[in-house]
Amino acid sequence: MKTIDRQAVDTSNVIRDVTPNRPSEGGKSLFNRTNENIDWAWWSWNPVTGCLNNCPYCYARGIATRFGGSAGFVPAFHPERLFAPINTPVPKSVSPWSRSVFVCSMADLFGDWVPQEWIDAVLERVRAAQQWTFIFLTKNPKRLPTITWPDNAWVGATVDVQARVQATEEALAAVRACVRFVSCEPLQERVVFTRPELLDWLIVGAKSIGGRKVQPEWAWVETLTSQARSVGAGVYMKPNLVVEPHLDGRLTQLPRSISTTVTIAS
Ligand code: SF4
């Protein structure tokens, strides 16, 4: 897999305007409803868009460039979207995922190129919106411990290959959050954690490329799920994962620290 020399990342095109808008200018901003690819959160919120990680399987780049050309994926801050948490009505659904918001599904909010002011502005709105649960996911976990996380934040890192385990475990060990998790999607090889007790939640999924899905070996999935079970962490299998018949459906459990027993019908 291609690795990035972060010192060499060209950030000259990052759109750095962090001028806050007046409340009236953000009056129409709402969360977006997610599709079936992100069924562990009903909502997505993208106050920051664009990413320089250059993952070969990135779906967000394709969406962004389809609508905005190559400039559509340049990291940018959208201050008017900061009003979405207060503008979006809270659903009446009893589903535990109905109040869950995936933050920056079209970006990596904690990429090295992201100005701290952008992160601070997002977290200020998260702290003020306790009616929602905000789910953060990054491929640059070393920034996670630098943040004072509010109680309504779930904090995770993507671990698609073994090489990401050490940095992720070091970061999660230092993170103070009510939920710490990893997303092993797309799971590209056998991944083994050395400190699974750090995990409250494990997400595991296949690789989606357009309409095509590349399934991980089932033994890799079992390695992860048995590690998660051994420490009581919840397991969430993404819809793109073809589940072995003996499992009787995919697991869609909540994180350990939220509930160790609830399983939601898939
Ligand atoms: S980190 Fe996410 S948004 Fe960024 S390139 Fe990779 S898949 Fe795309």
# chains A, B, ... in the order shown; residues from 1 in each chain; ligands from 1
$ residues_near_ligand --ligand "ligand 1" --cutoff "9 Å" --atoms "only C-alpha atoms and all ligand atoms" --output "list in words"
Thr49, Gly50, Cys51, Leu52, Asn53, Asn54, Cys55, Pro56, Tyr57, Cys58, Tyr59, Ala60, Arg61, Gly62, Phe73, Cys104, Ser105, Met106, Ala107, Asp108, Gly111, Leu137, Thr138, Lys139, Asn140 and Thr158 of chain A
$ write_last_selection --atoms "N, CA and C atoms" --output "mmCIF file, in the first residue's frame"
data_model
loop_
_atom_site.group_PDB
_atom_site.id
_atom_site.type_symbol
_atom_site.label_atom_id
_atom_site.label_comp_id
_atom_site.auth_asym_id
_atom_site.auth_seq_id
_atom_site.Cartn_x
_atom_site.Cartn_y
_atom_site.Cartn_z
ATOM 1 N N THR A 49 -14.322 19.495 4.205
ATOM 2 C CA THR A 49 -14.307 18.512 3.116
ATOM 3 C C THR A 49 -12.903 18.458 2.507
ATOM 4 N N GLY A 50 -12.657 17.394 1.765
ATOM 5 C CA GLY A 50 -11.387 17.245 1.059
ATOM 6 C C GLY A 50 -10.349 16.523 1.894
ATOM 7 N N CYS A 51 -9.428 15.878 1.222
ATOM 8 C CA CYS A 51 -8.484 15.017 1.925
ATOM 9 C C CYS A 51 -7.248 14.817 1.050
ATOM 10 N N LEU A 52 -6.107 14.743 1.698
ATOM 11 C CA LEU A 52 -4.847 14.534 0.978
ATOM 12 C C LEU A 52 -4.261 13.148 1.237
ATOM 13 N N ASN A 53 -5.025 12.264 1.873
ATOM 14 C CA ASN A 53 -4.477 10.934 2.170
ATOM 15 C C ASN A 53 -4.296 10.077 0.916
ATOM 16 N N ASN A 54 -5.110 10.359 -0.094
ATOM 17 C CA ASN A 54 -4.926 9.693 -1.389
ATOM 18 C C ASN A 54 -5.080 8.176 -1.330
ATOM 19 N N CYS A 55 -6.035 7.708 -0.525
ATOM 20 C CA CYS A 55 -6.285 6.254 -0.473
ATOM 21 C C CYS A 55 -6.789 5.778 -1.840
ATOM 22 N N PRO A 56 -6.260 4.678 -2.334
ATOM 23 C CA PRO A 56 -6.665 4.241 -3.676
ATOM 24 C C PRO A 56 -8.131 3.832 -3.759
ATOM 25 N N TYR A 57 -8.739 3.470 -2.628
ATOM 26 C CA TYR A 57 -10.135 3.001 -2.645
ATOM 27 C C TYR A 57 -11.126 4.088 -2.229
ATOM 28 N N CYS A 58 -10.678 5.344 -2.204
ATOM 29 C CA CYS A 58 -11.513 6.415 -1.649
ATOM 30 C C CYS A 58 -12.802 6.615 -2.452
ATOM 31 N N TYR A 59 -13.961 6.499 -1.778
ATOM 32 C CA TYR A 59 -15.230 6.772 -2.444
ATOM 33 C C TYR A 59 -15.536 8.266 -2.419
ATOM 34 N N ALA A 60 -15.050 8.968 -1.379
ATOM 35 C CA ALA A 60 -15.376 10.385 -1.220
ATOM 36 C C ALA A 60 -14.766 11.219 -2.351
ATOM 37 N N ARG A 61 -13.546 10.864 -2.755
ATOM 38 C CA ARG A 61 -12.902 11.617 -3.837
ATOM 39 C C ARG A 61 -13.745 11.546 -5.107
ATOM 40 N N GLY A 62 -14.256 10.353 -5.388
ATOM 41 C CA GLY A 62 -15.066 10.189 -6.589
ATOM 42 C C GLY A 62 -16.319 11.052 -6.548
ATOM 43 N N PHE A 73 -12.021 18.221 -4.120
ATOM 44 C CA PHE A 73 -11.491 17.426 -3.012
ATOM 45 C C PHE A 73 -10.323 18.127 -2.324
ATOM 46 N N CYS A 104 -17.448 14.425 9.048
ATOM 47 C CA CYS A 104 -16.461 14.490 7.950
ATOM 48 C C CYS A 104 -16.312 13.168 7.222
ATOM 49 N N SER A 105 -17.425 12.694 6.693
ATOM 50 C CA SER A 105 -17.386 11.498 5.847
ATOM 51 C C SER A 105 -16.674 11.789 4.526
ATOM 52 N N MET A 106 -16.509 13.081 4.200
ATOM 53 C CA MET A 106 -15.870 13.478 2.934
ATOM 54 C C MET A 106 -14.508 14.127 3.174
ATOM 55 N N ALA A 107 -13.868 13.751 4.287
ATOM 56 C CA ALA A 107 -12.586 14.379 4.634
ATOM 57 C C ALA A 107 -11.891 13.523 5.677
ATOM 58 N N ASP A 108 -10.657 13.921 6.005
ATOM 59 C CA ASP A 108 -10.028 13.432 7.232
ATOM 60 C C ASP A 108 -9.795 14.670 8.091
ATOM 61 N N GLY A 111 -6.223 15.116 9.456
ATOM 62 C CA GLY A 111 -5.037 15.095 8.609
ATOM 63 C C GLY A 111 -4.057 16.170 9.052
ATOM 64 N N LEU A 137 -13.609 9.683 12.795
ATOM 65 C CA LEU A 137 -12.769 8.604 12.269
ATOM 66 C C LEU A 137 -11.624 9.219 11.467
ATOM 67 N N THR A 138 -10.406 8.738 11.714
ATOM 68 C CA THR A 138 -9.255 9.317 11.023
ATOM 69 C C THR A 138 -8.264 8.243 10.609
ATOM 70 N N LYS A 139 -7.415 8.609 9.676
ATOM 71 C CA LYS A 139 -6.253 7.764 9.349
ATOM 72 C C LYS A 139 -4.977 8.383 9.915
ATOM 73 N N ASN A 140 -5.120 9.391 10.724
ATOM 74 C CA ASN A 140 -3.952 10.050 11.329
ATOM 75 C C ASN A 140 -4.163 10.116 12.847
ATOM 76 N N THR A 158 -9.038 4.363 11.397
ATOM 77 C CA THR A 158 -9.119 3.288 10.413
ATOM 78 C C THR A 158 -7.861 2.431 10.488
#
$ closest_atom_pairs --of "range 98-169 of chain A" --to "range 195-202 of chain A" --cutoff "10 Å" --atoms "only C-alpha atoms" --output "CSV"
residue,atom,partner,partner_atom,distance
A:Trp154,CA,A:Trp201,CA,9.6
A:Val155,CA,A:Trp201,CA,10.0
A:Gly156,CA,A:Trp201,CA,8.9
A:Val165,CA,A:Arg195,CA,9.4
A:Gln166,CA,A:Arg195,CA,9.3
A:Thr168,CA,A:Leu198,CA,9.9
A:Glu169,CA,A:Arg195,CA,6.9
$ closest_residue --among "A:Arg256, A:Arg250, A:Lys142, A:Arg99" --to "Arg180 in chain A" --atoms "only C-alpha atoms"
A:Arg256
$ select_by_dssp --residues "range 51-247 of chain A" --states "strand (DSSP E or B)" --output "ChimeraX atom specification"
/A:76-77,100-103,107,133-138,153-158,179-184,201-204,207-209,212-214,234-237
$ write_last_selection --atoms "C-alpha atoms" --output "PDB file, in the first residue's frame"
ATOM      1  CA  ALA A  76     -11.814  23.290   2.678  1.00  0.00           C
ATOM      2  CA  PHE A  77     -13.712  24.633   5.659  1.00  0.00           C
ATOM      3  CA  SER A 100     -25.493   9.307  15.463  1.00  0.00           C
ATOM      4  CA  VAL A 101     -23.634  11.695  13.187  1.00  0.00           C
ATOM      5  CA  PHE A 102     -20.582  10.681  11.157  1.00  0.00           C
ATOM      6  CA  VAL A 103     -18.359  13.750  11.166  1.00  0.00           C
ATOM      7  CA  ALA A 107     -12.586  14.379   4.634  1.00  0.00           C
ATOM      8  CA  THR A 133     -23.642  11.526  19.204  1.00  0.00           C
ATOM      9  CA  PHE A 134     -20.762  12.478  16.921  1.00  0.00           C
ATOM     10  CA  ILE A 135     -18.551   9.780  15.426  1.00  0.00           C
ATOM     11  CA  PHE A 136     -15.013  10.781  14.411  1.00  0.00           C
ATOM     12  CA  LEU A 137     -12.769   8.604  12.269  1.00  0.00           C
ATOM     13  CA  THR A 138      -9.255   9.317  11.023  1.00  0.00           C
ATOM     14  CA  ALA A 153     -17.988  11.970  20.865  1.00  0.00           C
ATOM     15  CA  TRP A 154     -16.969   8.484  19.706  1.00  0.00           C
ATOM     16  CA  VAL A 155     -13.358   8.494  18.591  1.00  0.00           C
ATOM     17  CA  GLY A 156     -11.788   6.055  16.168  1.00  0.00           C
ATOM     18  CA  ALA A 157      -9.126   5.315  13.588  1.00  0.00           C
ATOM     19  CA  THR A 158      -9.119   3.288  10.413  1.00  0.00           C
ATOM     20  CA  VAL A 179     -16.030   5.290  23.063  1.00  0.00           C
ATOM     21  CA  ARG A 180     -12.733   4.378  21.402  1.00  0.00           C
ATOM     22  CA  PHE A 181     -12.959   2.283  18.290  1.00  0.00           C
ATOM     23  CA  VAL A 182     -11.306   1.063  15.116  1.00  0.00           C
ATOM     24  CA  SER A 183     -12.799   0.709  11.683  1.00  0.00           C
ATOM     25  CA  CYS A 184     -11.250  -2.154   9.743  1.00  0.00           C
ATOM     26  CA  TRP A 201     -16.045  -1.063  19.284  1.00  0.00           C
ATOM     27  CA  LEU A 202     -14.852  -2.767  16.124  1.00  0.00           C
ATOM     28  CA  ILE A 203     -16.246  -1.998  12.674  1.00  0.00           C
ATOM     29  CA  VAL A 204     -15.298  -4.417   9.933  1.00  0.00           C
ATOM     30  CA  LYS A 207     -13.779  -2.962  -0.021  1.00  0.00           C
ATOM     31  CA  SER A 208     -16.370  -1.288  -2.237  1.00  0.00           C
ATOM     32  CA  ILE A 209     -15.137  -0.116  -5.617  1.00  0.00           C
ATOM     33  CA  ARG A 212     -17.996  -4.138  -6.971  1.00  0.00           C
ATOM     34  CA  LYS A 213     -17.154  -5.511  -3.527  1.00  0.00           C
ATOM     35  CA  VAL A 214     -13.860  -7.194  -2.659  1.00  0.00           C
ATOM     36  CA  GLY A 234     -19.026  -4.473  20.331  1.00  0.00           C
ATOM     37  CA  VAL A 235     -18.731  -5.687  16.740  1.00  0.00           C
ATOM     38  CA  TYR A 236     -20.377  -3.971  13.799  1.00  0.00           C
ATOM     39  CA  MET A 237     -20.232  -5.691  10.434  1.00  0.00           C
TER      40      MET A 237
END
$ select_by_dssp --residues "range 51-256 of chain A" --states "alpha helix (DSSP H)" --output "number ranges by chain"
A: 59-68, 84-87, 116-127, 165-174, 218-230
$ atom_distance --atom1 "CA of Asp160 in chain A" --atom2 "CA of Ala206 in chain A"
9.9 Å
$ decode --residues "range 47-146 of chain A" --atoms "C-alpha atoms" --output "compact mmCIF listing (two decimals), in the first residue's frame"
# COMPACT_ATOMS: atom_id res chain seq x y z
CA PRO A 47 -18.08 21.17 7.94
CA VAL A 48 -14.68 20.24 6.48
CA THR A 49 -14.31 18.51 3.12
CA GLY A 50 -11.39 17.24 1.06
CA CYS A 51 -8.48 15.02 1.92
CA LEU A 52 -4.85 14.53 0.98
CA ASN A 53 -4.48 10.93 2.17
CA ASN A 54 -4.93 9.69 -1.39
CA CYS A 55 -6.29 6.25 -0.47
CA PRO A 56 -6.66 4.24 -3.68
CA TYR A 57 -10.13 3.00 -2.65
CA CYS A 58 -11.51 6.42 -1.65
CA TYR A 59 -15.23 6.77 -2.44
CA ALA A 60 -15.38 10.39 -1.22
CA ARG A 61 -12.90 11.62 -3.84
CA GLY A 62 -15.07 10.19 -6.59
CA ILE A 63 -18.19 11.89 -5.26
CA ALA A 64 -16.44 15.22 -4.68
CA THR A 65 -14.75 15.39 -8.06
CA ARG A 66 -17.93 14.32 -9.84
CA PHE A 67 -19.64 17.46 -8.59
CA GLY A 68 -16.72 19.85 -8.15
CA GLY A 69 -13.98 18.74 -10.52
CA SER A 70 -10.48 18.15 -9.20
CA ALA A 71 -10.83 21.20 -6.91
CA GLY A 72 -13.78 19.50 -5.21
CA PHE A 73 -11.49 17.43 -3.01
CA VAL A 74 -9.09 20.19 -1.95
CA PRO A 75 -9.39 20.49 1.86
CA ALA A 76 -11.81 23.29 2.68
CA PHE A 77 -13.71 24.63 5.66
CA HIS A 78 -17.44 25.40 5.42
CA PRO A 79 -18.33 27.60 8.40
CA GLU A 80 -21.99 27.86 7.40
CA ARG A 81 -22.33 24.11 8.04
CA LEU A 82 -21.45 24.58 11.71
CA PHE A 83 -25.12 25.37 12.26
CA ALA A 84 -26.35 21.94 11.18
CA PRO A 85 -26.38 20.44 14.72
CA ILE A 86 -28.83 23.05 15.94
CA ASN A 87 -30.83 23.21 12.70
CA THR A 88 -31.44 19.48 12.24
CA PRO A 89 -34.51 18.14 14.07
CA VAL A 90 -33.81 15.20 16.36
CA PRO A 91 -35.65 12.12 15.04
CA LYS A 92 -38.30 10.42 17.14
CA SER A 93 -36.95 6.98 16.21
CA VAL A 94 -35.86 4.66 19.01
CA SER A 95 -33.00 3.35 16.88
CA PRO A 96 -29.72 4.01 18.70
CA TRP A 97 -28.22 5.06 15.37
CA SER A 98 -30.84 7.74 14.73
CA ARG A 99 -28.92 10.35 16.71
CA SER A 100 -25.49 9.31 15.46
CA VAL A 101 -23.63 11.69 13.19
CA PHE A 102 -20.58 10.68 11.16
CA VAL A 103 -18.36 13.75 11.17
CA CYS A 104 -16.46 14.49 7.95
CA SER A 105 -17.39 11.50 5.85
CA MET A 106 -15.87 13.48 2.93
CA ALA A 107 -12.59 14.38 4.63
CA ASP A 108 -10.03 13.43 7.23
CA LEU A 109 -10.60 16.08 9.91
CA PHE A 110 -7.34 15.14 11.62
CA GLY A 111 -5.04 15.09 8.61
CA ASP A 112 -1.76 16.90 9.23
CA TRP A 113 -2.81 19.64 6.82
CA VAL A 114 -5.98 20.55 8.75
CA PRO A 115 -5.62 23.82 10.71
CA GLN A 116 -6.35 23.44 14.42
CA GLU A 117 -8.90 26.28 14.15
CA TRP A 118 -11.08 24.10 11.94
CA ILE A 119 -11.00 21.27 14.46
CA ASP A 120 -11.68 23.62 17.36
CA ALA A 121 -14.64 25.16 15.56
CA VAL A 122 -16.19 21.74 14.90
CA LEU A 123 -15.66 20.54 18.47
CA GLU A 124 -17.19 23.69 19.89
CA ARG A 125 -20.42 22.81 18.05
CA VAL A 126 -20.19 19.19 19.15
CA ARG A 127 -19.95 20.20 22.81
CA ALA A 128 -22.98 22.44 22.41
CA ALA A 129 -25.12 19.70 20.80
CA GLN A 130 -25.51 17.01 23.45
CA GLN A 131 -28.67 15.76 21.73
CA TRP A 132 -26.42 14.12 19.10
CA THR A 133 -23.64 11.53 19.20
CA PHE A 134 -20.76 12.48 16.92
CA ILE A 135 -18.55 9.78 15.43
CA PHE A 136 -15.01 10.78 14.41
CA LEU A 137 -12.77 8.60 12.27
CA THR A 138 -9.26 9.32 11.02
CA LYS A 139 -6.25 7.76 9.35
CA ASN A 140 -3.95 10.05 11.33
CA PRO A 141 -4.60 8.92 14.92
CA LYS A 142 -1.66 10.77 16.47
CA ARG A 143 -3.73 13.97 16.62
CA LEU A 144 -6.53 12.33 18.59
CA PRO A 145 -4.91 12.49 22.07
CA THR A 146 -4.32 16.23 21.70
